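File shown: entry-v5.tsv (TSV, C-alpha atoms).
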```tsv
chain	number	residue	atom	x	y	z
A	1	MET	CA	9.66	9.97	3.56
A	2	GLU	CA	7.73	7.95	1.05
A	3	ASP	CA	7.69	4.36	-0.18
A	4	GLN	CA	8.85	4.50	-3.77
A	5	LEU	CA	7.72	0.96	-4.61
A	6	TYR	CA	4.23	0.42	-5.92
A	7	HIS	CA	3.68	4.14	-5.89
A	8	VAL	CA	0.58	4.96	-7.90
A	9	ARG	CA	-0.27	8.63	-7.75
A	10	LEU	CA	-4.00	9.06	-7.19
A	11	LEU	CA	-6.04	11.75	-8.90
A	12	PRO	CA	-7.05	14.82	-6.86
A	13	TYR	CA	-10.34	14.72	-4.91
A	14	LYS	CA	-12.21	16.76	-7.56
A	15	TYR	CA	-12.10	13.73	-9.89
A	16	LYS	CA	-14.45	11.91	-7.52
A	17	GLN	CA	-17.17	14.35	-8.54
A	18	THR	CA	-16.25	13.80	-12.21
A	19	GLY	CA	-16.53	10.04	-11.63
A	20	LYS	CA	-20.03	10.46	-10.15
A	21	TRP	CA	-21.12	12.53	-13.15
A	22	VAL	CA	-19.67	10.00	-15.60
A	23	LEU	CA	-21.64	7.29	-13.78
A	24	ILE	CA	-24.88	9.32	-13.86
A	25	ALA	CA	-24.62	10.87	-17.31
A	26	GLY	CA	-22.30	8.42	-19.08
A	27	LEU	CA	-24.91	5.92	-20.26
A	28	PRO	CA	-27.36	8.49	-21.70
A	29	VAL	CA	-24.45	10.29	-23.41
A	30	VAL	CA	-23.12	7.07	-25.00
A	31	ALA	CA	-26.67	6.13	-26.03
A	32	GLY	CA	-27.15	9.62	-27.50
A	33	ILE	CA	-23.90	9.41	-29.47
A	34	VAL	CA	-24.91	6.00	-30.86
A	35	TYR	CA	-28.36	7.41	-31.74
A	36	LEU	CA	-26.76	10.38	-33.54
A	37	LEU	CA	-24.36	8.12	-35.44
A	38	LYS	CA	-27.31	5.93	-36.40
A	39	THR	CA	-29.42	8.83	-37.64
A	40	THR	CA	-26.51	10.17	-39.68
A	41	GLY	CA	-26.08	6.73	-41.22
A	42	LEU	CA	-22.60	6.06	-39.82
A	43	ILE	CA	-23.96	3.12	-37.83
A	44	THR	CA	-26.39	1.00	-39.81
A	45	ASN	CA	-27.38	-1.42	-37.06
A	46	SER	CA	-27.49	-0.45	-33.40
A	47	ILE	CA	-29.85	-3.19	-32.25
A	48	SER	CA	-27.11	-4.99	-30.32
A	49	PHE	CA	-26.18	-1.79	-28.44
A	50	PHE	CA	-29.73	-1.03	-27.31
A	51	ASP	CA	-30.79	-4.61	-26.73
A	52	LYS	CA	-27.75	-6.28	-25.22
A	53	TRP	CA	-26.86	-4.81	-21.86
A	54	ASN	CA	-23.69	-6.86	-21.82
A	55	ASP	CA	-22.47	-4.94	-24.85
A	56	ALA	CA	-18.98	-3.66	-24.07
A	57	MET	CA	-19.91	-0.05	-24.93
A	58	VAL	CA	-22.42	0.04	-22.10
A	59	TYR	CA	-19.68	-0.79	-19.59
A	60	TYR	CA	-17.33	1.98	-20.73
A	61	PRO	CA	-18.97	4.88	-18.84
A	62	ILE	CA	-19.58	2.62	-15.84
A	63	ILE	CA	-15.95	1.48	-15.69
A	64	ILE	CA	-14.52	4.97	-16.36
A	65	GLY	CA	-16.81	6.45	-13.68
A	66	MET	CA	-15.96	3.75	-11.14
A	67	ALA	CA	-12.23	4.02	-11.94
A	68	LEU	CA	-12.35	7.78	-11.28
A	69	LEU	CA	-14.10	7.12	-7.96
A	70	VAL	CA	-11.58	4.45	-6.92
A	71	PHE	CA	-8.38	6.12	-8.17
A	72	SER	CA	-9.01	9.57	-6.70
A	73	GLU	CA	-8.09	10.82	-3.26
A	74	GLU	CA	-10.56	11.29	-0.43
A	75	LYS	CA	-11.34	14.81	0.75
A	76	GLN	CA	-9.12	14.14	3.77
A	77	GLU	CA	-6.42	11.72	2.72
A	78	ASP	CA	-4.03	10.18	5.24
A	79	GLU	CA	-2.25	6.89	5.96
A	80	MET	CA	-5.31	5.18	7.49
A	81	VAL	CA	-7.38	6.03	4.40
A	82	GLN	CA	-4.59	4.64	2.18
A	83	ASN	CA	-4.42	1.51	4.33
A	84	LEU	CA	-8.18	0.97	4.06
A	85	ARG	CA	-8.05	1.52	0.28
A	86	TYR	CA	-5.25	-1.06	-0.03
A	87	LYS	CA	-7.29	-3.59	2.00
A	88	ALA	CA	-10.35	-2.90	-0.15
A	89	PHE	CA	-8.27	-3.58	-3.28
A	90	VAL	CA	-6.90	-6.86	-1.95
A	91	SER	CA	-10.30	-8.12	-0.77
A	92	GLY	CA	-11.90	-6.88	-4.03
A	93	VAL	CA	-9.47	-8.91	-6.14
A	94	PHE	CA	-9.94	-11.96	-3.90
A	95	PHE	CA	-13.76	-11.84	-4.11
A	96	LEU	CA	-13.56	-11.23	-7.88
A	97	ILE	CA	-11.48	-14.41	-8.28
A	98	MET	CA	-13.94	-16.38	-6.13
A	99	ALA	CA	-16.97	-15.01	-8.01
A	100	ILE	CA	-15.54	-15.73	-11.46
A	101	LEU	CA	-14.37	-19.22	-10.55
A	102	TRP	CA	-17.78	-20.08	-9.06
A	103	LEU	CA	-19.66	-18.60	-12.01
A	104	PRO	CA	-19.91	-21.92	-13.95
A	105	VAL	CA	-21.37	-23.61	-10.84
A	106	PHE	CA	-24.00	-20.90	-10.34
A	107	GLY	CA	-24.70	-20.88	-14.08
A	108	SER	CA	-25.26	-24.62	-14.05
A	109	ILE	CA	-27.56	-24.44	-11.00
A	110	MET	CA	-29.64	-21.70	-12.66
A	111	ALA	CA	-29.80	-23.73	-15.88
A	112	LEU	CA	-30.99	-26.80	-13.96
A	113	ILE	CA	-33.66	-24.74	-12.14
A	114	ARG	CA	-34.90	-23.43	-15.50
A	115	GLY	CA	-34.90	-26.95	-16.92
A	116	LYS	CA	-32.22	-26.16	-19.48
A	117	SER	CA	-29.12	-28.21	-20.32
A	118	ILE	CA	-25.94	-27.44	-18.43
A	119	GLY	CA	-23.26	-25.57	-20.35
A	120	MET	CA	-20.19	-23.47	-19.66
A	121	PRO	CA	-21.21	-19.81	-19.26
A	122	ASP	CA	-19.56	-17.20	-21.44
A	123	ALA	CA	-16.80	-16.09	-19.06
A	124	GLY	CA	-13.90	-16.02	-21.51
A	125	GLY	CA	-13.29	-12.27	-21.32
A	126	MET	CA	-13.54	-12.21	-17.55
A	127	LEU	CA	-11.11	-15.12	-17.21
A	128	GLY	CA	-8.67	-13.36	-19.54
A	129	ALA	CA	-8.87	-10.11	-17.56
A	130	LEU	CA	-8.47	-12.02	-14.29
A	131	PHE	CA	-5.42	-13.84	-15.66
A	132	LEU	CA	-3.80	-10.55	-16.73
A	133	LEU	CA	-4.50	-8.97	-13.34
A	134	LEU	CA	-2.98	-11.92	-11.46
A	135	LEU	CA	-0.03	-12.14	-13.87
A	136	TYR	CA	0.75	-8.45	-13.44
A	137	THR	CA	0.36	-8.66	-9.65
A	138	TYR	CA	2.68	-11.68	-9.43
A	139	LEU	CA	5.36	-10.33	-11.79
A	140	SER	CA	5.25	-6.82	-10.31
A	141	PHE	CA	5.54	-8.21	-6.77
A	142	LYS	CA	8.42	-10.57	-7.68
A	143	TYR	CA	10.27	-7.83	-9.57
A	144	ASN	CA	9.96	-5.35	-6.72
A	145	LEU	CA	10.97	-8.01	-4.20
A	146	TYR	CA	14.04	-8.83	-6.30
A	147	ARG	CA	14.91	-5.13	-6.71
A	148	THR	CA	14.54	-4.46	-2.98
A	149	ARG	CA	16.66	-7.48	-2.01
A	150	LYS	CA	19.34	-6.49	-4.52
A	151	ALA	CA	19.43	-2.95	-3.15
A	152	LEU	CA	19.62	-4.25	0.42
A	153	GLU	CA	22.42	-6.71	-0.47
A	154	ALA	CA	24.46	-3.81	-1.81
A	155	ASP	CA	23.90	-1.89	1.44
A	156	GLU	CA	24.76	-4.83	3.71
A	157	GLU	CA	27.69	-4.30	6.02
B	1	MET	CA	-0.75	-3.56	21.84
B	2	ARG	CA	-2.19	-0.75	23.88
B	3	ASN	CA	-1.33	2.93	23.88
B	4	ASN	CA	-1.26	5.97	26.15
B	5	ILE	CA	-2.35	8.52	23.57
B	6	LYS	CA	-5.54	9.44	25.39
B	7	VAL	CA	-3.60	9.95	28.65
B	8	GLU	CA	-0.90	12.03	26.95
B	9	ARG	CA	-3.56	14.03	25.16
B	10	ALA	CA	-5.26	14.74	28.47
B	11	LYS	CA	-1.95	15.87	29.99
B	12	LYS	CA	-1.50	18.36	27.15
B	13	ASP	CA	-5.21	19.22	27.28
B	14	ILE	CA	-5.75	18.87	23.54
B	15	THR	CA	-8.58	17.32	21.56
B	16	GLN	CA	-8.30	14.56	18.95
B	17	GLU	CA	-9.00	17.22	16.33
B	18	GLN	CA	-6.10	19.40	17.51
B	19	LEU	CA	-3.69	16.45	17.65
B	20	ALA	CA	-4.80	15.36	14.17
B	21	GLU	CA	-4.12	18.84	12.82
B	22	VAL	CA	-0.63	18.93	14.34
B	23	LEU	CA	0.21	15.49	12.89
B	24	GLY	CA	-1.40	16.09	9.50
B	25	VAL	CA	-3.95	13.28	9.74
B	26	THR	CA	-7.70	13.13	10.23
B	27	ARG	CA	-9.49	13.07	13.60
B	28	GLN	CA	-10.90	9.66	12.64
B	29	THR	CA	-7.35	8.31	12.35
B	30	ILE	CA	-6.42	9.52	15.84
B	31	ASN	CA	-9.66	8.02	17.17
B	32	ALA	CA	-8.92	4.69	15.43
B	33	ILE	CA	-5.37	4.61	16.83
B	34	GLU	CA	-6.58	5.39	20.38
B	35	LYS	CA	-9.11	2.57	20.16
B	36	ASN	CA	-6.54	0.14	18.70
B	37	LYS	CA	-8.52	-0.16	15.48
B	38	TYR	CA	-5.61	1.07	13.40
B	39	LEU	CA	-1.88	0.55	13.88
B	40	PRO	CA	-0.02	3.72	12.85
B	41	SER	CA	3.09	3.75	10.66
B	42	THR	CA	6.54	4.16	12.20
B	43	LEU	CA	6.66	7.70	10.86
B	44	LEU	CA	3.38	8.72	12.48
B	45	SER	CA	4.33	6.96	15.75
B	46	LEU	CA	7.61	8.88	15.85
B	47	LYS	CA	5.87	12.18	15.08
B	48	MET	CA	3.36	11.49	17.83
B	49	SER	CA	5.97	10.56	20.44
B	50	ALA	CA	8.06	13.60	19.49
B	51	TYR	CA	5.01	15.83	19.93
B	52	PHE	CA	4.28	14.41	23.39
B	53	GLY	CA	7.97	14.49	24.33
B	54	ILE	CA	8.15	10.79	25.21
B	55	THR	CA	9.58	7.70	23.53
B	56	VAL	CA	7.56	5.47	21.21
B	57	ASN	CA	7.91	2.68	23.81
B	58	GLU	CA	6.21	4.88	26.37
B	59	LEU	CA	3.41	5.74	23.99
B	60	PHE	CA	2.80	2.24	22.60
B	61	ILE	CA	3.06	-0.72	24.94
B	62	LEU	CA	3.48	-4.28	23.72
B	63	GLU	CA	1.23	-6.83	25.36
B	64	GLU	CA	1.62	-10.55	25.74
B	65	GLY	CA	0.77	-12.27	22.47
B	66	ASP	CA	1.89	-9.36	20.28
```
Can the structure from this file be put into structure tokens for me?
Amino acid sequence: MEDQLYHVRLLPYKYKQTGKWVLIAGLPVVAGIVYLLKTTGLITNSISFFDKWNDAMVYYPIIIGMALLVFSEEKQEDEMVQNLRYKAFVSGVFFLIMAILWLPVFGSIMALIRGKSIGMPDAGGMLGALFLLLLYTYLSFKYNLYRTRKALEADEE
Amino acid sequence: MRNNIKVERAKKDITQEQLAEVLGVTRQTINAIEKNKYLPSTLLSLKMSAYFGITVNELFILEEGD
């Protein structure tokens, strides 16, 4: 018997090892590819990649590696493990919202400490991603709630 | 809520590991349930009570405030 709603099939345990390797070797591999492309002349300017650590390319191996770690099963998977994973997801999203919303405050405090003028930190991408996550969560929840209620209404005696 | 899993396990003379194997969960899960750190699903509760040959109400006891 299995809950059909919200069912996301996790990857097998072996992908956890792959995730670890992507995390360890991902950055040097991406850097190597960029270096090769630069030496062959396909990329003329790679200064931003090597200098800016907030460059999106740098995050790709980190996010792919972390996603493989998070979306793969444990060696011994059971309902308690699934319950703990669900709680970790919920608290993770909650703390992410808190962190992103407080970012301008922390940014302003740091700017004041450094004697700089206060300005809005560059959080546009993060706010967009957060909005999409919350929008999906809300719509998915409401749709599944509607579908479940409809199905139950049809079964009512 | 409290439970009689430890008592029932003792009656059958089986370890947490053996019970976990029968029910298809980990030993840590059985340990967490026994210590009231994790509330099992209806399915697992029914499997457990069926294994011990008692009802779910005999295995899990509601306390005041639950």
Compute the distance from (-4.6, 14.2, 20.7) to each atom, counting only C-alpha atoms, keep the residues with any atom at most 10 Å away, and return them as a PDB file with C-alpha atoms, in the coordinates of the input; use the coordinates of the file.
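Final output, selection_28.pdb:
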```pdb
ATOM      1  CA  ILE B   5      -2.350   8.520  23.570  1.00  0.00           C
ATOM      2  CA  LYS B   6      -5.540   9.440  25.390  1.00  0.00           C
ATOM      3  CA  VAL B   7      -3.600   9.950  28.650  1.00  0.00           C
ATOM      4  CA  GLU B   8      -0.900  12.030  26.950  1.00  0.00           C
ATOM      5  CA  ARG B   9      -3.560  14.030  25.160  1.00  0.00           C
ATOM      6  CA  ALA B  10      -5.260  14.740  28.470  1.00  0.00           C
ATOM      7  CA  LYS B  11      -1.950  15.870  29.990  1.00  0.00           C
ATOM      8  CA  LYS B  12      -1.500  18.360  27.150  1.00  0.00           C
ATOM      9  CA  ASP B  13      -5.210  19.220  27.280  1.00  0.00           C
ATOM     10  CA  ILE B  14      -5.750  18.870  23.540  1.00  0.00           C
ATOM     11  CA  THR B  15      -8.580  17.320  21.560  1.00  0.00           C
ATOM     12  CA  GLN B  16      -8.300  14.560  18.950  1.00  0.00           C
ATOM     13  CA  GLU B  17      -9.000  17.220  16.330  1.00  0.00           C
ATOM     14  CA  GLN B  18      -6.100  19.400  17.510  1.00  0.00           C
ATOM     15  CA  LEU B  19      -3.690  16.450  17.650  1.00  0.00           C
ATOM     16  CA  ALA B  20      -4.800  15.360  14.170  1.00  0.00           C
ATOM     17  CA  GLU B  21      -4.120  18.840  12.820  1.00  0.00           C
ATOM     18  CA  VAL B  22      -0.630  18.930  14.340  1.00  0.00           C
ATOM     19  CA  LEU B  23       0.210  15.490  12.890  1.00  0.00           C
ATOM     20  CA  ARG B  27      -9.490  13.070  13.600  1.00  0.00           C
ATOM     21  CA  ILE B  30      -6.420   9.520  15.840  1.00  0.00           C
ATOM     22  CA  ASN B  31      -9.660   8.020  17.170  1.00  0.00           C
ATOM     23  CA  GLU B  34      -6.580   5.390  20.380  1.00  0.00           C
ATOM     24  CA  MET B  48       3.360  11.490  17.830  1.00  0.00           C
ATOM     25  CA  TYR B  51       5.010  15.830  19.930  1.00  0.00           C
ATOM     26  CA  PHE B  52       4.280  14.410  23.390  1.00  0.00           C
TER      27      PHE B  52
END
```
Next item on the list: Taking only C-alpha atoms into account, report as a list in words which residues of chain B lie within 9 Å of chain A.
Entry: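 Output check: Gly24, Val25, Thr26, Gln28, Thr29, Ala32, Tyr38, Leu39, Pro40, Ser41, Leu43 and Leu44 of chain B.
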Note to self: Rounded to one decimal, what separation in Å do you get between CA of Ile100 in chain A and CA of Met126 in chain A?
What the structure shows: 7.3 Å
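Residues surrounding range 25-36 of chain A within 7 Å are Trp21, Val22, Thr39, Thr40, Val58 and Pro61 of chain A [only C-alpha atoms; sequence separation below 3 positions excluded].
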List every protein, DNA or RNA residue that has at least one atom no more than 12 Å from (-14.5, 14.2, -10.0) in the file's coordinates, counting only C-alpha atoms, and write the result as a PDB file with C-alpha atoms, in the coordinates of the input.
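Done, and the output landed in out27.pdb:
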```pdb
ATOM      1  CA  LEU A  11      -6.040  11.750  -8.900  1.00  0.00           C
ATOM      2  CA  PRO A  12      -7.050  14.820  -6.860  1.00  0.00           C
ATOM      3  CA  TYR A  13     -10.340  14.720  -4.910  1.00  0.00           C
ATOM      4  CA  LYS A  14     -12.210  16.760  -7.560  1.00  0.00           C
ATOM      5  CA  TYR A  15     -12.100  13.730  -9.890  1.00  0.00           C
ATOM      6  CA  LYS A  16     -14.450  11.910  -7.520  1.00  0.00           C
ATOM      7  CA  GLN A  17     -17.170  14.350  -8.540  1.00  0.00           C
ATOM      8  CA  THR A  18     -16.250  13.800 -12.210  1.00  0.00           C
ATOM      9  CA  GLY A  19     -16.530  10.040 -11.630  1.00  0.00           C
ATOM     10  CA  LYS A  20     -20.030  10.460 -10.150  1.00  0.00           C
ATOM     11  CA  TRP A  21     -21.120  12.530 -13.150  1.00  0.00           C
ATOM     12  CA  VAL A  22     -19.670  10.000 -15.600  1.00  0.00           C
ATOM     13  CA  LEU A  23     -21.640   7.290 -13.780  1.00  0.00           C
ATOM     14  CA  ILE A  64     -14.520   4.970 -16.360  1.00  0.00           C
ATOM     15  CA  GLY A  65     -16.810   6.450 -13.680  1.00  0.00           C
ATOM     16  CA  MET A  66     -15.960   3.750 -11.140  1.00  0.00           C
ATOM     17  CA  ALA A  67     -12.230   4.020 -11.940  1.00  0.00           C
ATOM     18  CA  LEU A  68     -12.350   7.780 -11.280  1.00  0.00           C
ATOM     19  CA  LEU A  69     -14.100   7.120  -7.960  1.00  0.00           C
ATOM     20  CA  VAL A  70     -11.580   4.450  -6.920  1.00  0.00           C
ATOM     21  CA  PHE A  71      -8.380   6.120  -8.170  1.00  0.00           C
ATOM     22  CA  SER A  72      -9.010   9.570  -6.700  1.00  0.00           C
ATOM     23  CA  GLU A  73      -8.090  10.820  -3.260  1.00  0.00           C
ATOM     24  CA  GLU A  74     -10.560  11.290  -0.430  1.00  0.00           C
ATOM     25  CA  LYS A  75     -11.340  14.810   0.750  1.00  0.00           C
TER      26      LYS A  75
END
```
Next item on the list: Provide the CA of Ser117 in chain A to CA of Ala129 in chain A distance in Å, to one decimal place.
Entry: 27.3 Å
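CA of Tyr136 in chain A is found 23.8 Å from CA of Leu152 in chain A.
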Centre and edge lengths of an axis-aligned box around all listed atoms of range 63-79 of chain A, with 8 Å added on each side, are to be given in Å to one decimal, as JSON.
```
{"center_x": -9.5, "center_y": 8.1, "center_z": -5.2, "size_x": 30.6, "size_y": 29.3, "size_z": 38.3}
```
Check: Do you know which residues are at most 12 Å from Glu64 in chain B counting only C-alpha atoms, after dropping those on the same chain fewer than 2 positions away, and could you put them as a ChimeraX atom specification?
Finding: /B:1-2,61-62,66
